[in-house]
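Next comes run_6.cif, a file with mmCIF, C-alpha atoms.
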```
data_start
#
loop_
_atom_site.label_atom_id
_atom_site.label_comp_id
_atom_site.auth_asym_id
_atom_site.auth_seq_id
_atom_site.Cartn_x
_atom_site.Cartn_y
_atom_site.Cartn_z
CA MET H 1199 -25.02 -8.42 -25.54
CA ASP H 1200 -24.55 -9.60 -21.96
CA ASN H 1201 -22.08 -7.23 -20.35
CA THR H 1202 -22.10 -8.62 -16.85
CA ASN H 1203 -19.63 -10.89 -15.14
CA ARG H 1204 -19.14 -12.21 -11.62
CA MET H 1205 -16.37 -13.83 -9.58
CA VAL H 1206 -15.80 -15.11 -6.04
CA LEU H 1207 -12.41 -15.83 -4.47
CA GLU H 1208 -11.64 -17.24 -1.04
CA PHE H 1209 -8.18 -17.16 0.49
CA GLU H 1210 -6.43 -17.30 3.85
CA SER H 1211 -5.54 -14.10 5.71
CA LYS H 1212 -1.81 -14.44 4.96
CA SER H 1213 0.01 -11.32 3.88
CA GLN H 1214 1.38 -12.90 0.70
CA ASN H 1215 -2.25 -13.06 -0.48
CA GLU H 1216 -2.37 -9.25 -0.69
CA SER H 1217 -0.54 -9.33 -4.02
CA PHE H 1218 -2.58 -12.40 -5.05
CA ALA H 1219 -5.84 -10.50 -4.51
CA ARG H 1220 -4.50 -7.48 -6.42
CA THR H 1221 -3.46 -9.65 -9.34
CA VAL H 1222 -6.83 -11.42 -9.48
CA ILE H 1223 -8.90 -8.23 -9.40
CA ALA H 1224 -6.67 -6.62 -12.04
CA ALA H 1225 -7.13 -9.63 -14.33
CA PHE H 1226 -10.89 -9.67 -13.76
CA ALA H 1227 -11.31 -5.92 -14.32
CA ALA H 1228 -9.08 -5.93 -17.40
CA ALA H 1229 -12.12 -6.99 -19.47
CA MET H 1230 -13.59 -3.52 -18.85
CA ASP H 1231 -10.65 -1.99 -20.70
CA PRO H 1232 -9.64 0.36 -17.87
CA THR H 1233 -6.81 2.88 -18.14
CA ILE H 1234 -3.57 2.08 -16.30
CA GLU H 1235 -4.62 4.65 -13.72
CA GLU H 1236 -8.07 3.13 -13.20
CA LEU H 1237 -6.52 -0.30 -12.80
CA ALA H 1238 -4.03 1.08 -10.26
CA ASP H 1239 -6.94 2.65 -8.35
CA ILE H 1240 -8.74 -0.68 -8.12
CA LYS H 1241 -5.60 -2.58 -7.12
CA THR H 1242 -4.78 -0.05 -4.40
CA ALA H 1243 -8.31 -0.12 -2.98
CA VAL H 1244 -8.35 -3.93 -2.90
CA SER H 1245 -4.89 -4.01 -1.35
CA GLU H 1246 -6.07 -1.71 1.44
CA ALA H 1247 -9.24 -3.71 2.07
CA VAL H 1248 -7.45 -7.07 2.15
CA THR H 1249 -4.67 -5.72 4.38
CA ASN H 1250 -7.32 -4.47 6.81
CA CYS H 1251 -8.83 -7.97 6.99
CA ILE H 1252 -5.41 -9.48 7.71
CA ILE H 1253 -4.29 -6.95 10.31
CA HIS H 1254 -7.55 -5.94 11.96
CA GLY H 1255 -10.02 -8.71 11.09
CA TYR H 1256 -7.74 -11.54 12.14
CA PRO H 1257 -5.08 -9.94 14.38
CA ASP H 1258 -4.10 -13.16 16.16
CA CYS H 1259 -5.12 -15.94 13.83
CA ILE H 1260 -5.46 -16.98 10.22
CA GLY H 1261 -9.02 -16.81 8.91
CA MET H 1262 -10.71 -16.78 5.54
CA ILE H 1263 -11.19 -13.70 3.40
CA THR H 1264 -13.78 -13.59 0.61
CA MET H 1265 -13.45 -11.27 -2.36
CA ARG H 1266 -16.41 -10.95 -4.69
CA ALA H 1267 -16.56 -8.83 -7.80
CA PHE H 1268 -19.40 -8.02 -10.14
CA ILE H 1269 -19.20 -6.18 -13.43
CA SER H 1270 -22.29 -4.55 -14.87
CA GLY H 1271 -21.67 -2.43 -17.94
CA ASN H 1272 -19.00 0.09 -17.06
CA GLU H 1273 -19.34 -0.37 -13.29
CA ILE H 1274 -17.44 -2.81 -11.11
CA THR H 1275 -18.56 -3.65 -7.58
CA ILE H 1276 -16.01 -5.30 -5.31
CA GLU H 1277 -16.72 -6.78 -1.89
CA VAL H 1278 -13.98 -7.81 0.52
CA GLU H 1279 -15.20 -9.63 3.62
CA ASP H 1280 -13.69 -11.18 6.72
CA PHE H 1281 -15.37 -13.11 9.51
CA GLY H 1282 -13.16 -11.85 12.31
CA THR H 1283 -13.07 -9.13 14.96
CA GLY H 1284 -15.39 -6.54 13.46
CA ILE H 1285 -15.19 -2.78 13.90
CA GLU H 1286 -16.77 -1.15 16.95
CA ASP H 1287 -16.80 2.42 15.62
CA ILE H 1288 -16.81 2.48 11.81
CA LYS H 1289 -16.90 6.27 11.65
CA LYS H 1290 -13.76 6.53 13.72
CA ALA H 1291 -12.03 3.74 11.79
CA MET H 1292 -12.62 5.68 8.58
CA GLU H 1293 -11.14 8.94 9.83
CA PRO H 1294 -8.01 9.88 7.90
CA LEU H 1295 -4.80 9.04 9.80
CA TYR H 1296 -6.67 7.10 12.50
CA THR H 1297 -5.20 3.71 13.29
CA SER H 1298 -6.13 1.29 16.03
CA ARG H 1299 -2.68 -0.30 15.74
CA PRO H 1300 -0.08 2.49 15.92
CA GLU H 1301 2.58 -0.01 16.97
CA LEU H 1302 2.38 -1.54 13.49
CA GLU H 1303 3.44 1.71 11.85
CA ARG H 1304 0.21 1.95 9.92
CA SER H 1305 -0.33 5.24 8.15
CA GLY H 1306 -4.05 5.31 8.87
CA MET H 1307 -4.79 6.04 5.23
CA GLY H 1308 -6.37 2.73 4.21
CA PHE H 1309 -10.00 3.82 4.16
CA SER H 1310 -9.03 7.27 2.80
CA PHE H 1311 -7.38 5.61 -0.18
CA MET H 1312 -10.39 3.33 -0.75
CA GLU H 1313 -12.63 6.40 -0.70
CA ALA H 1314 -10.34 8.42 -2.94
CA PHE H 1315 -9.73 5.77 -5.55
CA MET H 1316 -13.23 4.32 -5.80
CA ASP H 1317 -16.53 6.06 -6.57
CA ASP H 1318 -18.46 4.54 -3.72
CA LEU H 1319 -17.53 2.91 -0.41
CA GLU H 1320 -19.73 1.17 2.14
CA VAL H 1321 -18.61 -0.61 5.29
CA GLU H 1322 -20.76 -3.06 7.24
CA SER H 1323 -19.41 -4.56 10.43
CA VAL H 1324 -20.60 -6.59 13.37
CA VAL H 1325 -18.30 -6.90 16.37
CA GLY H 1326 -17.26 -10.52 16.73
CA ALA H 1327 -18.75 -11.50 13.37
CA GLY H 1328 -16.72 -9.66 10.75
CA THR H 1329 -16.51 -6.76 8.33
CA LEU H 1330 -17.68 -6.28 4.75
CA VAL H 1331 -16.30 -3.52 2.55
CA ARG H 1332 -18.24 -2.80 -0.65
CA MET H 1333 -16.65 -0.55 -3.25
CA LYS H 1334 -17.83 0.58 -6.66
CA LYS H 1335 -15.98 2.14 -9.53
CA ARG H 1336 -17.15 3.32 -12.89
CA ILE H 1337 -14.63 2.87 -15.69
CA GLY H 1338 -14.18 5.48 -18.40
CA LYS H 1339 -15.39 8.36 -16.28
CA GLN H 1340 -13.95 11.81 -15.70
CA PRO H 1341 -10.32 11.97 -14.60
CA PHE H 1342 -9.38 11.59 -10.96
CA ILE H 1343 -9.45 14.86 -9.01
CA GLY H 1344 -7.84 14.12 -5.67
CA LEU H 1345 -8.38 13.62 -1.97
CA THR H 1346 -10.94 15.90 -0.41
CA HIS H 1347 -10.58 16.74 3.24
CA MET R 1082 16.66 -14.39 8.60
CA GLN R 1083 15.74 -13.06 5.18
CA ASP R 1084 18.99 -11.02 5.02
CA ASN R 1085 20.98 -12.92 2.48
CA GLY R 1086 18.61 -12.46 -0.38
CA LYS R 1087 18.24 -16.19 -0.90
CA HIS R 1088 14.59 -16.51 -0.16
CA GLY R 1089 12.56 -14.06 -2.24
CA SER R 1090 14.45 -10.96 -1.16
CA ASN R 1091 12.14 -8.01 -1.69
CA ALA R 1092 14.83 -5.34 -1.54
CA THR R 1093 18.60 -4.83 -1.60
CA TYR R 1094 20.46 -2.55 0.78
CA GLU R 1095 23.59 -0.61 -0.05
CA ILE R 1096 25.53 1.97 1.93
CA ASN R 1097 27.07 4.94 0.14
CA ARG R 1098 28.89 7.17 2.63
CA ARG R 1099 26.15 8.03 5.13
CA CYS R 1100 23.31 7.21 2.72
CA LEU R 1101 21.37 3.98 2.68
CA VAL R 1102 20.00 3.01 -0.74
CA ILE R 1103 17.05 0.62 -0.55
CA ARG R 1104 16.31 -0.82 -3.98
CA LEU R 1105 12.83 -2.33 -3.92
CA ASN R 1106 12.37 -5.43 -6.03
CA GLU R 1107 8.74 -6.03 -5.21
CA GLU R 1108 5.54 -4.08 -4.67
CA LEU R 1109 5.63 -2.11 -1.43
CA ASP R 1110 2.56 -3.49 0.35
CA HIS R 1111 1.99 -4.62 3.94
CA HIS R 1112 3.49 -8.06 3.23
CA ASN R 1113 6.82 -6.67 2.05
CA ALA R 1114 6.71 -3.68 4.40
CA VAL R 1115 7.13 -5.82 7.51
CA GLN R 1116 10.43 -7.30 6.33
CA ILE R 1117 11.79 -4.11 4.77
CA ARG R 1118 11.10 -2.16 7.95
CA GLU R 1119 13.00 -4.63 10.14
CA LYS R 1120 15.94 -5.03 7.80
CA ALA R 1121 16.24 -1.30 7.09
CA ASP R 1122 16.24 -0.41 10.77
CA ARG R 1123 19.04 -2.90 11.51
CA VAL R 1124 21.14 -1.46 8.68
CA ILE R 1125 20.39 2.12 9.76
CA ASP R 1126 21.42 1.47 13.36
CA ARG R 1127 24.60 -0.48 12.56
CA ASN R 1128 25.94 1.90 9.93
CA HIS R 1129 24.97 5.28 11.43
CA VAL R 1130 22.88 6.02 8.35
CA LYS R 1131 21.84 9.65 7.95
CA HIS R 1132 19.95 9.75 4.64
CA ILE R 1133 17.82 7.13 2.89
CA VAL R 1134 17.01 6.63 -0.78
CA PHE R 1135 14.06 4.42 -1.72
CA ASP R 1136 14.53 3.32 -5.33
CA PHE R 1137 11.32 2.20 -7.06
CA SER R 1138 12.87 1.40 -10.46
CA GLU R 1139 11.98 -2.28 -10.01
CA SER R 1140 8.75 -1.72 -8.04
CA GLY R 1141 5.65 -0.37 -9.71
CA PHE R 1142 3.18 -0.32 -6.85
CA MET R 1143 2.78 0.85 -3.30
CA ASP R 1144 -0.20 1.29 -0.98
CA SER R 1145 -0.67 2.91 2.42
CA ALA R 1146 1.67 0.36 4.01
CA GLY R 1147 4.46 1.90 1.94
CA ILE R 1148 3.58 5.31 3.35
CA GLY R 1149 4.05 3.81 6.82
CA VAL R 1150 7.48 2.45 5.87
CA ILE R 1151 8.73 5.77 4.51
CA MET R 1152 7.23 7.80 7.37
CA GLY R 1153 8.70 5.46 9.95
CA ARG R 1154 12.21 5.68 8.45
CA TYR R 1155 11.86 9.47 8.20
CA LYS R 1156 11.12 9.62 11.92
CA LYS R 1157 14.26 7.58 12.55
CA VAL R 1158 16.70 9.77 10.64
CA MET R 1159 15.13 13.18 11.22
CA PHE R 1160 16.79 13.45 14.62
CA VAL R 1161 20.24 13.38 13.01
CA GLY R 1162 19.16 15.84 10.32
CA GLY R 1163 18.68 13.09 7.77
CA LYS R 1164 16.64 13.31 4.61
CA ILE R 1165 14.61 10.84 2.55
CA ALA R 1166 14.62 10.64 -1.23
CA VAL R 1167 12.69 8.49 -3.71
CA THR R 1168 13.90 7.58 -7.18
CA GLY R 1169 12.59 5.76 -10.24
CA VAL R 1170 8.92 6.26 -9.32
CA ASN R 1171 6.30 5.50 -11.98
CA SER R 1172 3.00 7.39 -12.23
CA THR R 1173 1.18 4.93 -9.94
CA VAL R 1174 3.67 5.26 -7.08
CA ASP R 1175 4.02 8.99 -7.71
CA ARG R 1176 0.28 9.50 -7.24
CA ILE R 1177 0.28 7.68 -3.89
CA LEU R 1178 3.23 9.76 -2.69
CA ARG R 1179 1.51 12.94 -3.83
CA LEU R 1180 -1.93 12.12 -2.36
CA SER R 1181 -0.46 11.11 0.99
CA GLY R 1182 1.36 14.43 1.28
CA LEU R 1183 4.71 12.64 1.63
CA TYR R 1184 6.37 15.03 -0.82
CA LYS R 1185 6.23 17.61 1.94
CA ILE R 1186 8.96 15.69 3.75
CA ILE R 1187 10.73 13.72 1.03
CA GLN R 1188 12.32 14.62 -2.31
CA LYS R 1189 12.03 12.92 -5.69
CA PHE R 1190 14.95 12.36 -8.06
CA ASP R 1191 15.12 10.61 -11.42
CA THR R 1192 18.08 8.41 -10.54
CA VAL R 1193 19.79 7.03 -7.45
CA GLU R 1194 22.98 8.79 -8.55
CA SER R 1195 21.38 12.23 -8.62
CA ALA R 1196 19.78 11.59 -5.21
CA LEU R 1197 23.16 10.55 -3.76
CA ASN R 1198 24.91 13.57 -5.27
CA PHE R 1199 22.40 15.78 -3.53
CA LEU R 1200 22.23 13.97 -0.19
CA ASN R 1201 25.96 13.42 0.26
CA THR R 1202 26.50 17.18 0.27
CA LYS R 1203 23.99 17.58 3.11
#
```
Once more with this new file: its structure as structure tokens, please.
Amino acid sequence: MDNTNRMVLEFESKSQNESFARTVIAAFAAAMDPTIEELADIKTAVSEAVTNCIIHGYPDCIGMITMRAFISGNEITIEVEDFGTGIEDIKKAMEPLYTSRPELERSGMGFSFMEAFMDDLEVESVVGAGTLVRMKKRIGKQPFIGLTH
Amino acid sequence: MQDNGKHGSNATYEINRRCLVIRLNEELDHHNAVQIREKADRVIDRNHVKHIVFDFSESGFMDSAGIGVIMGRYKKVMFVGGKIAVTGVNSTVDRILRLSGLYKIIQKFDTVESALNFLNTK
């Protein structure tokens, strides 16, 4: 039996699309029969990634965000990509509590949550060209343990 | 602007003595956080609010933007000895609050009433 599936979604970097992206990924991943907790993990990670595109990728304009998802067996791979500012220092951006926009009252936990809630996280970025976040999660695995510092 | 709850109000605000109860009607993400932050701060300043209750009974999701909202309001009321409470949190919201370490500075109650009973004696 073919147990793969694929989707692509494009939407504008407007904040109301954060909940849209969460709803779409939840509906797509539902076919994998995840637990409520696993689904919440995926929704949170996508929410963080999309919010980053809106706030940091396109700080002064509306641009396009692409979300791609691929299911293979019990693993889902999700890519969230913008074509905006890019990140100069990815390592620094991923540090817990770091935020480049303290005036926006950001908690600096976006990447930490993506790391904590997904099994794998990769970030590719080119300054002036955009940022791609690739996250993987295996469904039906051992229970969640917690944030590691 | 979005005060009167006509256009997709994402929260309601209610003063009980020196407590502000914010009942969230939508998921606490960056989109809703921007409006809630602005509205809450206006209400806090005008009514000399000391304590704040965030009620999640009608909101089943929050991400790191929600952490920012709660932290920011905590910083506002801490100078007057104020406290922050959360009520009606489901397991999803509870996990975010726990992972972020927010329970070190806020308290969880089952109901708004029990939170108010506690805070109004403080």
message: Counting all atoms listed in the file, a student should be able to say which residues of chain R come within 6 Å of chain H; what is the right answer, written as a PyMOL selection string?
response: chain R and resi 1112+1144-1145+1149
message: Set the distance at 10 Å and use only C-alpha atoms: which residues neighbour His1254 (chain H) once local chain neighbours fewer than 2 positions away are removed? I'd like the list as a ChimeraX atom specification.
response: /H:1248-1252,1256-1258,1280,1282-1285,1298-1299,1328-1329
field: Residues near Val1161 (chain R), cut-off 10 Å, only C-alpha atoms, skip fewer than 3 positions along chain, as a list in words
entry: His1129, Val1130, Lys1131, His1132, Lys1156, Lys1157, Val1158 and Lys1164 of chain R
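Minimum atom-to-atom distance to Ala1196 (chain R), evaluated using only C-alpha atoms, belongs to R:Ala1166 out of R:Met1159, R:Ala1166, R:Ile1103, R:Ala1146.
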message: Restricting the calculation to all atoms listed in the file: of R:Gly1182, R:Gln1116, R:Arg1099, R:Asn1091, which residue gets closest to Glu1139 (chain R)?
response: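 Nearest candidate to Glu1139 (chain R) out of R:Gly1182, R:Gln1116, R:Arg1099, R:Asn1091: R:Asn1091.
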- request: Give me the residues within 9 Å of Thr1093 (chain R) as a list in words, counting all atoms listed in the file and dropping any in the same chain fewer than 6 places off.
  value: Gly1086, Val1102, Ile1103, Arg1104, Leu1105 and Asn1106 of chain R
Could you work out an axis-aligned box for region 1214-1224 of chain H, taking every atom the file lists and adding 3 Å on each side, and report centre and edge lengths in Å to one decimal, as lines of an AutoDock Vina configuration file?
```
center_x = -3.8
center_y = -9.8
center_z = -5.7
size_x = 16.3
size_y = 12.4
size_z = 18.7
```
Long-range neighbours of Arg1118 (chain R) as an MDAnalysis selection string, 8 Å cut-off, only C-alpha atoms, 3 positions minimum in chain: chainID R and resid 1114:1115 1121:1122 1150 1154
task: Could you tell me how far CA of Met1312 (chain H) lies from CA of Thr1233 (chain H), in Å and to one decimal?
output: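 Atom-to-atom, CA of Met1312 (chain H) to CA of Thr1233 (chain H), that is 17.8 Å.
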Got a sec to resolve the PyMOL selection byres ((chain H and resi 1286-1288) around 8) on this structure and send the residues as a CSV table (one decimal) with C-alpha atoms, keeping the file's coordinate frame?
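See part_5.csv below for the written result:
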```
chain,number,residue,atom,x,y,z
H,1284,GLY,CA,-15.4,-6.5,13.5
H,1285,ILE,CA,-15.2,-2.8,13.9
H,1289,LYS,CA,-16.9,6.3,11.6
H,1290,LYS,CA,-13.8,6.5,13.7
H,1291,ALA,CA,-12.0,3.7,11.8
H,1292,MET,CA,-12.6,5.7,8.6
H,1321,VAL,CA,-18.6,-0.6,5.3
H,1323,SER,CA,-19.4,-4.6,10.4
H,1324,VAL,CA,-20.6,-6.6,13.4
H,1325,VAL,CA,-18.3,-6.9,16.4
```
- prompt: Given the file above and the PyMOL selection byres ((chain H and resi 1275) around 12), which residues are selected, and can you give them as a VMD selection string?
  reply: chain H and resid 1202 to 1206 1223 1226 to 1227 1240 1243 to 1244 1265 to 1274 1276 to 1278 1316 to 1320 1331 to 1337
message: Which residues, named as in the file, does the PyMOL selection byres ((chain R and resi 1178) around 10) pick out? Answer as a list in words.
response: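 Against this file, the PyMOL selection byres ((chain R and resi 1178) around 10) returns the residues Met1143, Asp1144, Ser1145, Gly1147, Ile1148, Ile1151, Val1167, Val1170, Ser1172, Thr1173, Val1174, Asp1175, Arg1176, Ile1177, Arg1179, Leu1180, Ser1181, Gly1182, Leu1183, Tyr1184, Lys1185, Ile1187 and Lys1189 of chain R.
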